[in-house]
Amino acid sequence: SLCYLKANCIIVKYVFLLPYSASHVVVSLVKNYPNYLIINLDKLDYCASLKNLETVSEKENYKFIQGDICEPDFIKQLFKTEKIDIVLHFAAQTHVDLSFWHALEFTYVNVYGTNVLVAAAHEANVEKFVYVSTDEVYGGSTDKEFDESSPKRPTNPYASSKAAAECFVQSYWERYQFPAVITRSSNVYGPHQYPEKVIPKFISLLQQNRKCCIHGSGLQKRNFLYATDVVEAFLTVLKEGKPGEIYNIGTNFEMSIAQLAKELIHLIKKTSSESEMEHWMDYVKDRPTNDLRYPMNSEKMHNLGWRPKVPWKEGIKKTIEWYKENFHNWKNSEKALEPFPVTEPFAQLSGP
């Protein structure tokens, strides 16, 4: 059990591409820990869907609060009134394509918002603060595997903002021994994800008889973790994670974006013909930067007792089925399927 939890646990979610894995964590905590109050803070921006939390919305140990981590007075008051013991900080703008257009907005939310939150949590003397980061802070690698001590070399505005936010969190550990833990995870997929990310986007496009839009050569590889495996990882970090430590939450399962498209075409369009598969693939200009791989070593998490369990074939079939029935859970889900422009120069980016 989460023996160090006295009463309250806050799950902070937020803005643009809501890290949807947070909704899976909320549901799991509410259902499995009825003696603890789970507070879900969310700004409810365009990608949010409260339908993802309908199974727990009426539970006595669940409380939803709409709010913005970039508002210091609101956050400070929240910690005073709710007596929070543990913070899980998922809040971020997360879409790499958007970050090239809105770098300053990403910096404002991901860096300034994190600074506001960690400062308030420190003042409130919380028992544990988990900051959810990303494998992208390492930058790309074609051969070398990243461990938690590898240098941060981010190559896009999103990853740069997450790396900077990590530094703020780590500084509170170094200066105050504030009990912060940082996680860096691979790409997550499964039900509940706003269809702007690559897997739900390709699934939804194909289910609407539209082509998969592939950046550049499509040879970029990504590691994919199913949502329930990531939930188990966060629960493990809550129970076993040591303050001041960083944990990679990764998988050895890796697939190129072109191969991903072909796999989904095979499953949804029921074809194995190479020419028919190519018919459903539309190659477009690449992002300004697009890392080839993010290979991570997750031995530290394995030593805590966590390993991914859900095989790709099982996870992707469940995901495809879910989007058949739930694509319209977001009122603007059609907009998510539009291809992102990739030619906007950094110089024209605007602030928040």
# chains A, B, ... in the order shown; residues from 1 in each chain; ligands from 1
>>> residues_around(residues="Asn52 in chain A", least_positions_apart="5", cutoff="10 Å", atoms="only C-alpha atoms", output="PyMOL selection string")
chain A and resi 20+23-24+26-27+57+191-193+326+329
>>> write_last_selection(atoms="N, CA, C and O atoms", output="PDB file, in the first residue's frame")
ATOM      1  N   TYR A  20      -2.212  12.145 -21.275  1.00  0.00           N
ATOM      2  CA  TYR A  20      -3.436  11.405 -20.996  1.00  0.00           C
ATOM      3  C   TYR A  20      -3.192  10.219 -20.077  1.00  0.00           C
ATOM      4  O   TYR A  20      -4.118   9.709 -19.450  1.00  0.00           O
ATOM      5  N   SER A  23      -4.844  10.284 -16.709  1.00  0.00           N
ATOM      6  CA  SER A  23      -6.215   9.836 -16.457  1.00  0.00           C
ATOM      7  C   SER A  23      -6.235   8.370 -16.051  1.00  0.00           C
ATOM      8  O   SER A  23      -7.022   7.962 -15.191  1.00  0.00           O
ATOM      9  N   HIS A  24      -5.359   7.559 -16.645  1.00  0.00           N
ATOM     10  CA  HIS A  24      -5.270   6.150 -16.262  1.00  0.00           C
ATOM     11  C   HIS A  24      -4.759   6.004 -14.833  1.00  0.00           C
ATOM     12  O   HIS A  24      -5.208   5.136 -14.081  1.00  0.00           O
ATOM     13  N   VAL A  26      -5.108   8.286 -12.415  1.00  0.00           N
ATOM     14  CA  VAL A  26      -6.188   8.733 -11.540  1.00  0.00           C
ATOM     15  C   VAL A  26      -7.184   7.603 -11.291  1.00  0.00           C
ATOM     16  O   VAL A  26      -7.540   7.300 -10.139  1.00  0.00           O
ATOM     17  N   VAL A  27      -7.650   6.964 -12.360  1.00  0.00           N
ATOM     18  CA  VAL A  27      -8.633   5.886 -12.237  1.00  0.00           C
ATOM     19  C   VAL A  27      -8.085   4.760 -11.361  1.00  0.00           C
ATOM     20  O   VAL A  27      -8.784   4.241 -10.477  1.00  0.00           O
ATOM     21  N   SER A  57     -15.867   9.484 -11.428  1.00  0.00           N
ATOM     22  CA  SER A  57     -16.284  10.866 -11.149  1.00  0.00           C
ATOM     23  C   SER A  57     -17.207  10.990  -9.943  1.00  0.00           C
ATOM     24  O   SER A  57     -17.254  12.042  -9.295  1.00  0.00           O
ATOM     25  N   PRO A 191      -6.084   3.591 -24.923  1.00  0.00           N
ATOM     26  CA  PRO A 191      -7.325   4.362 -24.868  1.00  0.00           C
ATOM     27  C   PRO A 191      -7.120   5.706 -24.167  1.00  0.00           C
ATOM     28  O   PRO A 191      -6.167   5.886 -23.409  1.00  0.00           O
ATOM     29  N   HIS A 192      -8.026   6.647 -24.439  1.00  0.00           N
ATOM     30  CA  HIS A 192      -8.110   7.962 -23.789  1.00  0.00           C
ATOM     31  C   HIS A 192      -7.200   9.015 -24.402  1.00  0.00           C
ATOM     32  O   HIS A 192      -7.290  10.175 -24.005  1.00  0.00           O
ATOM     33  N   GLN A 193      -6.326   8.680 -25.325  1.00  0.00           N
ATOM     34  CA  GLN A 193      -5.337   9.646 -25.815  1.00  0.00           C
ATOM     35  C   GLN A 193      -5.935  10.522 -26.913  1.00  0.00           C
ATOM     36  O   GLN A 193      -6.494  10.029 -27.896  1.00  0.00           O
ATOM     37  N   ASN A 326     -15.010   5.662 -29.561  1.00  0.00           N
ATOM     38  CA  ASN A 326     -14.788   6.830 -28.693  1.00  0.00           C
ATOM     39  C   ASN A 326     -14.064   8.005 -29.338  1.00  0.00           C
ATOM     40  O   ASN A 326     -13.665   8.937 -28.634  1.00  0.00           O
ATOM     41  N   ASN A 329     -15.118  11.546 -28.322  1.00  0.00           N
ATOM     42  CA  ASN A 329     -15.105  11.949 -26.910  1.00  0.00           C
ATOM     43  C   ASN A 329     -14.624  13.387 -26.731  1.00  0.00           C
ATOM     44  O   ASN A 329     -14.850  14.003 -25.705  1.00  0.00           O
TER      45      ASN A 329
END
>>> select_by_dssp(residues="range 4-242 of chain A", states="helix (DSSP H, G or I)", output="VMD selection string")
chain A and resid 21 to 32 50 to 53 72 to 82 96 to 101 103 to 123 135 to 138 157 to 176 198 to 207 227 to 240
>>> residues_around(residues="range 291-305 of chain A", least_positions_apart="3", cutoff="8 Å", atoms="only C-alpha atoms", output="PyMOL selection string")
chain A and resi 135-136+138-148+155+186+219-223+233+236+240-241+247-252
>>> residues_around(residues="Lys63 in chain A", least_positions_apart="6", cutoff="9 Å", atoms="only C-alpha atoms", output="ChimeraX atom specification")
/A:37-41,57
>>> select_by_dssp(residues="range 149-257 of chain A", states="strand (DSSP E)", output="compact mmCIF listing (two decimals) with N, CA, C and O atoms, in the first residue's frame")
# COMPACT_ATOMS: atom_id res chain seq x y z
N ALA A 180 11.85 15.17 -4.17
CA ALA A 180 11.40 15.12 -5.56
C ALA A 180 11.96 13.89 -6.27
O ALA A 180 13.10 13.48 -6.03
N VAL A 181 11.15 13.31 -7.15
CA VAL A 181 11.56 12.20 -8.00
C VAL A 181 11.21 12.57 -9.44
O VAL A 181 10.14 13.14 -9.69
N ILE A 182 12.09 12.25 -10.37
CA ILE A 182 11.85 12.56 -11.78
C ILE A 182 11.75 11.26 -12.56
O ILE A 182 12.54 10.33 -12.36
N THR A 183 10.74 11.16 -13.43
CA THR A 183 10.63 10.01 -14.32
C THR A 183 10.78 10.47 -15.77
O THR A 183 10.37 11.58 -16.12
N ARG A 184 11.38 9.61 -16.59
CA ARG A 184 11.49 9.87 -18.03
C ARG A 184 10.96 8.64 -18.76
O ARG A 184 11.55 7.57 -18.66
N SER A 185 9.85 8.81 -19.45
CA SER A 185 9.21 7.64 -20.05
C SER A 185 9.23 7.68 -21.57
O SER A 185 9.34 8.74 -22.19
N ASN A 187 7.28 6.77 -25.31
CA ASN A 187 5.94 7.11 -25.81
C ASN A 187 4.89 6.17 -25.23
O ASN A 187 5.09 4.96 -25.19
N VAL A 188 3.78 6.73 -24.79
CA VAL A 188 2.69 5.95 -24.22
C VAL A 188 1.54 5.91 -25.23
O VAL A 188 1.27 6.90 -25.91
N TYR A 189 0.87 4.76 -25.31
CA TYR A 189 -0.29 4.65 -26.19
C TYR A 189 -1.38 3.86 -25.49
O TYR A 189 -1.13 3.18 -24.49
N CYS A 212 -2.42 7.89 -43.74
CA CYS A 212 -1.48 8.23 -42.67
C CYS A 212 -0.48 9.25 -43.19
O CYS A 212 0.12 9.05 -44.25
N CYS A 213 -0.29 10.33 -42.45
CA CYS A 213 0.61 11.41 -42.87
C CYS A 213 1.96 11.22 -42.17
O CYS A 213 2.05 11.31 -40.94
N ILE A 214 3.01 10.93 -42.93
CA ILE A 214 4.30 10.52 -42.36
C ILE A 214 5.37 11.56 -42.63
O ILE A 214 5.63 11.94 -43.78
N HIS A 215 6.02 12.02 -41.56
CA HIS A 215 7.08 13.02 -41.69
C HIS A 215 8.34 12.40 -42.30
O HIS A 215 8.83 11.37 -41.82
N LYS A 221 12.50 5.87 -35.36
CA LYS A 221 11.95 4.81 -34.52
C LYS A 221 11.53 5.36 -33.17
O LYS A 221 12.16 6.27 -32.64
N ARG A 222 10.46 4.79 -32.63
CA ARG A 222 9.98 5.16 -31.30
C ARG A 222 9.69 3.91 -30.48
O ARG A 222 9.31 2.87 -31.02
N ASN A 223 9.86 4.03 -29.17
CA ASN A 223 9.53 2.96 -28.23
C ASN A 223 8.13 3.23 -27.69
O ASN A 223 7.84 4.36 -27.26
N PHE A 224 7.28 2.21 -27.69
CA PHE A 224 5.89 2.40 -27.29
C PHE A 224 5.54 1.54 -26.08
O PHE A 224 5.73 0.33 -26.08
N LEU A 225 4.98 2.20 -25.05
CA LEU A 225 4.54 1.54 -23.81
C LEU A 225 3.02 1.64 -23.71
O LEU A 225 2.46 2.73 -23.91
N TYR A 226 2.36 0.53 -23.37
CA TYR A 226 0.91 0.56 -23.21
C TYR A 226 0.55 1.26 -21.89
O TYR A 226 1.28 1.20 -20.90
N ILE A 246 16.29 9.82 -10.40
CA ILE A 246 15.64 9.86 -11.72
C ILE A 246 15.43 8.43 -12.17
O ILE A 246 16.31 7.58 -11.95
N TYR A 247 14.28 8.15 -12.79
CA TYR A 247 13.99 6.79 -13.25
C TYR A 247 13.52 6.80 -14.70
O TYR A 247 12.55 7.49 -15.04
N ASN A 248 14.23 6.03 -15.53
CA ASN A 248 13.77 5.80 -16.91
C ASN A 248 12.65 4.77 -16.91
O ASN A 248 12.81 3.68 -16.34
N ILE A 249 11.54 5.10 -17.55
CA ILE A 249 10.43 4.16 -17.72
C ILE A 249 10.35 3.82 -19.20
O ILE A 249 9.73 4.53 -19.98
N GLU A 254 10.44 -1.43 -30.09
CA GLU A 254 10.74 -0.27 -30.91
C GLU A 254 10.20 -0.49 -32.32
O GLU A 254 10.25 -1.60 -32.84
N MET A 255 9.70 0.58 -32.93
CA MET A 255 9.14 0.45 -34.27
C MET A 255 9.30 1.78 -35.02
O MET A 255 9.12 2.85 -34.42
N SER A 256 9.63 1.69 -36.31
CA SER A 256 9.71 2.92 -37.10
C SER A 256 8.30 3.44 -37.39
O SER A 256 7.32 2.67 -37.36
>>> residues_around(residues="Pro243 in chain A", least_positions_apart="5", cutoff="12 Å", atoms="only C-alpha atoms", output="number ranges by chain")
A: 126-131, 169-170, 172-174, 176-183, 237-238
>>> residues_around(residues="range 272-283 of chain A", least_positions_apart="6", cutoff="9 Å", atoms="only C-alpha atoms", output="list in words")
Leu206, Asn209, Arg210, Lys211, Cys212, Cys213, Ile214, His215, Gly216, Ser217, Gly218, Ala258, Ala261, Lys262, Ile265 and His266 of chain A
>>> write_last_selection(atoms="N, CA and C atoms", output="compact mmCIF listing (two decimals), in the first residue's frame")
# COMPACT_ATOMS: atom_id res chain seq x y z
N LEU A 206 -7.24 6.11 -40.61
CA LEU A 206 -7.56 4.89 -41.35
C LEU A 206 -9.01 4.47 -41.15
N ASN A 209 -11.07 6.21 -43.52
CA ASN A 209 -10.64 6.02 -44.91
C ASN A 209 -9.76 7.17 -45.41
N ARG A 210 -8.88 7.64 -44.54
CA ARG A 210 -7.93 8.69 -44.90
C ARG A 210 -6.50 8.15 -44.71
N LYS A 211 -5.54 8.79 -45.38
CA LYS A 211 -4.16 8.30 -45.37
C LYS A 211 -3.39 8.73 -44.12
N CYS A 212 -2.42 7.89 -43.74
CA CYS A 212 -1.48 8.23 -42.67
C CYS A 212 -0.48 9.25 -43.19
N CYS A 213 -0.29 10.33 -42.45
CA CYS A 213 0.61 11.41 -42.87
C CYS A 213 1.96 11.22 -42.17
N ILE A 214 3.01 10.93 -42.93
CA ILE A 214 4.30 10.52 -42.36
C ILE A 214 5.37 11.56 -42.63
N HIS A 215 6.02 12.02 -41.56
CA HIS A 215 7.08 13.02 -41.69
C HIS A 215 8.34 12.40 -42.30
N GLY A 216 8.88 13.06 -43.31
CA GLY A 216 10.18 12.66 -43.87
C GLY A 216 10.18 11.23 -44.39
N SER A 217 11.23 10.48 -44.04
CA SER A 217 11.40 9.12 -44.54
C SER A 217 10.54 8.10 -43.79
N GLY A 218 10.09 8.47 -42.58
CA GLY A 218 9.34 7.52 -41.76
C GLY A 218 10.25 6.50 -41.07
N ALA A 258 7.12 4.45 -40.21
CA ALA A 258 6.62 3.82 -41.44
C ALA A 258 6.10 2.41 -41.15
N ALA A 261 2.77 2.60 -39.37
CA ALA A 261 1.67 2.84 -40.31
C ALA A 261 1.27 1.55 -41.02
N LYS A 262 2.26 0.78 -41.48
CA LYS A 262 1.96 -0.47 -42.18
C LYS A 262 1.25 -1.47 -41.28
N ILE A 265 -2.31 -0.28 -40.92
CA ILE A 265 -3.02 -0.51 -42.19
C ILE A 265 -3.39 -1.99 -42.31
N HIS A 266 -2.45 -2.86 -41.96
CA HIS A 266 -2.71 -4.30 -42.01
C HIS A 266 -3.87 -4.69 -41.10
>>> residues_around(residues="Val25 in chain A", least_positions_apart="5", cutoff="9 Å", atoms="only C-alpha atoms", output="list in words")
Ile11, Val30, Ala227, Thr228, Val230, Val231, Glu232, Phe234 and Leu235 of chain A
>>> atom_distance(atom1="CA of Thr319 in chain A", atom2="CA of Lys197 in chain A")
12.9 Å
>>> atom_distance(atom1="CA of Tyr158 in chain A", atom2="CA of Gln66 in chain A")
23.8 Å
>>> closest_residue(among="A:Pro151, A:Pro195, A:Pro34, A:Pro308", to="Trp330 in chain A", atoms="only C-alpha atoms")
A:Pro195
>>> atom_distance(atom1="CA of Leu260 in chain A", atom2="CA of Asp286 in chain A")
16.7 Å
>>> closest_residue(among="A:Gln208, A:Arg307, A:Ile257, A:Tyr108", to="Lys324 in chain A", atoms="only C-alpha atoms")
A:Gln208
>>> decode(residues="range 248-275 of chain A", atoms="N, CA, C and O atoms", output="PDB file, in the first residue's frame")
ATOM      1  N   ASN A 248      14.233   6.032 -15.534  1.00  0.00           N
ATOM      2  CA  ASN A 248      13.773   5.804 -16.909  1.00  0.00           C
ATOM      3  C   ASN A 248      12.655   4.768 -16.915  1.00  0.00           C
ATOM      4  O   ASN A 248      12.808   3.684 -16.341  1.00  0.00           O
ATOM      5  N   ILE A 249      11.539   5.096 -17.555  1.00  0.00           N
ATOM      6  CA  ILE A 249      10.426   4.161 -17.716  1.00  0.00           C
ATOM      7  C   ILE A 249      10.355   3.821 -19.196  1.00  0.00           C
ATOM      8  O   ILE A 249       9.731   4.526 -19.982  1.00  0.00           O
ATOM      9  N   GLY A 250      11.057   2.761 -19.587  1.00  0.00           N
ATOM     10  CA  GLY A 250      11.194   2.457 -21.006  1.00  0.00           C
ATOM     11  C   GLY A 250      10.869   1.020 -21.349  1.00  0.00           C
ATOM     12  O   GLY A 250      10.547   0.204 -20.498  1.00  0.00           O
ATOM     13  N   THR A 251      10.969   0.732 -22.633  1.00  0.00           N
ATOM     14  CA  THR A 251      10.718  -0.601 -23.160  1.00  0.00           C
ATOM     15  C   THR A 251      11.681  -0.856 -24.306  1.00  0.00           C
ATOM     16  O   THR A 251      12.100   0.086 -24.991  1.00  0.00           O
ATOM     17  N   ASN A 252      12.015  -2.104 -24.514  1.00  0.00           N
ATOM     18  CA  ASN A 252      12.865  -2.460 -25.650  1.00  0.00           C
ATOM     19  C   ASN A 252      12.078  -2.560 -26.943  1.00  0.00           C
ATOM     20  O   ASN A 252      12.660  -2.671 -28.018  1.00  0.00           O
ATOM     21  N   PHE A 253      10.730  -2.540 -26.837  1.00  0.00           N
ATOM     22  CA  PHE A 253       9.918  -2.631 -28.048  1.00  0.00           C
ATOM     23  C   PHE A 253      10.027  -1.329 -28.836  1.00  0.00           C
ATOM     24  O   PHE A 253       9.753  -0.246 -28.326  1.00  0.00           O
ATOM     25  N   GLU A 254      10.441  -1.434 -30.089  1.00  0.00           N
ATOM     26  CA  GLU A 254      10.742  -0.267 -30.913  1.00  0.00           C
ATOM     27  C   GLU A 254      10.203  -0.491 -32.319  1.00  0.00           C
ATOM     28  O   GLU A 254      10.248  -1.602 -32.844  1.00  0.00           O
ATOM     29  N   MET A 255       9.697   0.575 -32.926  1.00  0.00           N
ATOM     30  CA  MET A 255       9.141   0.447 -34.271  1.00  0.00           C
ATOM     31  C   MET A 255       9.298   1.776 -35.019  1.00  0.00           C
ATOM     32  O   MET A 255       9.124   2.848 -34.425  1.00  0.00           O
ATOM     33  N   SER A 256       9.627   1.694 -36.308  1.00  0.00           N
ATOM     34  CA  SER A 256       9.713   2.921 -37.100  1.00  0.00           C
ATOM     35  C   SER A 256       8.299   3.435 -37.385  1.00  0.00           C
ATOM     36  O   SER A 256       7.324   2.675 -37.357  1.00  0.00           O
ATOM     37  N   ILE A 257       8.193   4.728 -37.659  1.00  0.00           N
ATOM     38  CA  ILE A 257       6.885   5.323 -37.937  1.00  0.00           C
ATOM     39  C   ILE A 257       6.285   4.724 -39.217  1.00  0.00           C
ATOM     40  O   ILE A 257       5.074   4.472 -39.285  1.00  0.00           O
ATOM     41  N   ALA A 258       7.118   4.454 -40.212  1.00  0.00           N
ATOM     42  CA  ALA A 258       6.615   3.820 -41.436  1.00  0.00           C
ATOM     43  C   ALA A 258       6.096   2.415 -41.150  1.00  0.00           C
ATOM     44  O   ALA A 258       5.032   2.011 -41.648  1.00  0.00           O
ATOM     45  N   GLN A 259       6.833   1.658 -40.325  1.00  0.00           N
ATOM     46  CA  GLN A 259       6.392   0.310 -39.977  1.00  0.00           C
ATOM     47  C   GLN A 259       5.119   0.353 -39.135  1.00  0.00           C
ATOM     48  O   GLN A 259       4.230  -0.496 -39.281  1.00  0.00           O
ATOM     49  N   LEU A 260       5.030   1.345 -38.252  1.00  0.00           N
ATOM     50  CA  LEU A 260       3.814   1.529 -37.464  1.00  0.00           C
ATOM     51  C   LEU A 260       2.609   1.727 -38.373  1.00  0.00           C
ATOM     52  O   LEU A 260       1.552   1.101 -38.188  1.00  0.00           O
ATOM     53  N   ALA A 261       2.768   2.599 -39.373  1.00  0.00           N
ATOM     54  CA  ALA A 261       1.669   2.841 -40.311  1.00  0.00           C
ATOM     55  C   ALA A 261       1.272   1.549 -41.019  1.00  0.00           C
ATOM     56  O   ALA A 261       0.073   1.222 -41.130  1.00  0.00           O
ATOM     57  N   LYS A 262       2.259   0.782 -41.479  1.00  0.00           N
ATOM     58  CA  LYS A 262       1.960  -0.467 -42.183  1.00  0.00           C
ATOM     59  C   LYS A 262       1.247  -1.472 -41.279  1.00  0.00           C
ATOM     60  O   LYS A 262       0.324  -2.164 -41.713  1.00  0.00           O
ATOM     61  N   GLU A 263       1.675  -1.537 -40.038  1.00  0.00           N
ATOM     62  CA  GLU A 263       1.044  -2.451 -39.086  1.00  0.00           C
ATOM     63  C   GLU A 263      -0.427  -2.092 -38.874  1.00  0.00           C
ATOM     64  O   GLU A 263      -1.303  -2.950 -38.838  1.00  0.00           O
ATOM     65  N   LEU A 264      -0.694  -0.794 -38.722  1.00  0.00           N
ATOM     66  CA  LEU A 264      -2.075  -0.342 -38.514  1.00  0.00           C
ATOM     67  C   LEU A 264      -2.917  -0.522 -39.767  1.00  0.00           C
ATOM     68  O   LEU A 264      -4.096  -0.882 -39.689  1.00  0.00           O
ATOM     69  N   ILE A 265      -2.305  -0.284 -40.923  1.00  0.00           N
ATOM     70  CA  ILE A 265      -3.019  -0.515 -42.194  1.00  0.00           C
ATOM     71  C   ILE A 265      -3.394  -1.993 -42.308  1.00  0.00           C
ATOM     72  O   ILE A 265      -4.518  -2.342 -42.684  1.00  0.00           O
ATOM     73  N   HIS A 266      -2.449  -2.862 -41.965  1.00  0.00           N
ATOM     74  CA  HIS A 266      -2.707  -4.305 -42.011  1.00  0.00           C
ATOM     75  C   HIS A 266      -3.874  -4.689 -41.099  1.00  0.00           C
ATOM     76  O   HIS A 266      -4.772  -5.451 -41.485  1.00  0.00           O
ATOM     77  N   LEU A 267      -3.889  -4.127 -39.880  1.00  0.00           N
ATOM     78  CA  LEU A 267      -4.922  -4.485 -38.903  1.00  0.00           C
ATOM     79  C   LEU A 267      -6.280  -3.866 -39.212  1.00  0.00           C
ATOM     80  O   LEU A 267      -7.321  -4.479 -38.975  1.00  0.00           O
ATOM     81  N   ILE A 268      -6.281  -2.660 -39.736  1.00  0.00           N
ATOM     82  CA  ILE A 268      -7.551  -1.949 -39.948  1.00  0.00           C
ATOM     83  C   ILE A 268      -8.097  -2.162 -41.351  1.00  0.00           C
ATOM     84  O   ILE A 268      -9.304  -2.347 -41.551  1.00  0.00           O
ATOM     85  N   LYS A 269      -7.210  -2.185 -42.348  1.00  0.00           N
ATOM     86  CA  LYS A 269      -7.644  -2.349 -43.746  1.00  0.00           C
ATOM     87  C   LYS A 269      -7.548  -3.793 -44.233  1.00  0.00           C
ATOM     88  O   LYS A 269      -7.889  -4.093 -45.380  1.00  0.00           O
ATOM     89  N   LYS A 270      -7.066  -4.691 -43.353  1.00  0.00           N
ATOM     90  CA  LYS A 270      -7.023  -6.129 -43.639  1.00  0.00           C
ATOM     91  C   LYS A 270      -6.272  -6.446 -44.932  1.00  0.00           C
ATOM     92  O   LYS A 270      -6.752  -7.190 -45.787  1.00  0.00           O
ATOM     93  N   THR A 271      -5.100  -5.843 -45.084  1.00  0.00           N
ATOM     94  CA  THR A 271      -4.296  -6.118 -46.272  1.00  0.00           C
ATOM     95  C   THR A 271      -2.841  -6.339 -45.897  1.00  0.00           C
ATOM     96  O   THR A 271      -2.333  -5.729 -44.951  1.00  0.00           O
ATOM     97  N   SER A 272      -2.173  -7.215 -46.643  1.00  0.00           N
ATOM     98  CA  SER A 272      -0.734  -7.431 -46.470  1.00  0.00           C
ATOM     99  C   SER A 272       0.023  -7.034 -47.731  1.00  0.00           C
ATOM    100  O   SER A 272       1.235  -7.200 -47.811  1.00  0.00           O
ATOM    101  N   SER A 273      -0.701  -6.526 -48.717  1.00  0.00           N
ATOM    102  CA  SER A 273      -0.094  -6.127 -49.984  1.00  0.00           C
ATOM    103  C   SER A 273       0.714  -4.844 -49.805  1.00  0.00           C
ATOM    104  O   SER A 273       0.204  -3.834 -49.307  1.00  0.00           O
ATOM    105  N   GLU A 274       1.992  -4.889 -50.215  1.00  0.00           N
ATOM    106  CA  GLU A 274       2.867  -3.731 -50.071  1.00  0.00           C
ATOM    107  C   GLU A 274       2.323  -2.526 -50.844  1.00  0.00           C
ATOM    108  O   GLU A 274       2.336  -1.400 -50.352  1.00  0.00           O
ATOM    109  N   SER A 275       1.823  -2.769 -52.046  1.00  0.00           N
ATOM    110  CA  SER A 275       1.307  -1.661 -52.868  1.00  0.00           C
ATOM    111  C   SER A 275       0.041  -1.057 -52.256  1.00  0.00           C
ATOM    112  O   SER A 275      -0.155   0.162 -52.264  1.00  0.00           O
TER     113      SER A 275
END
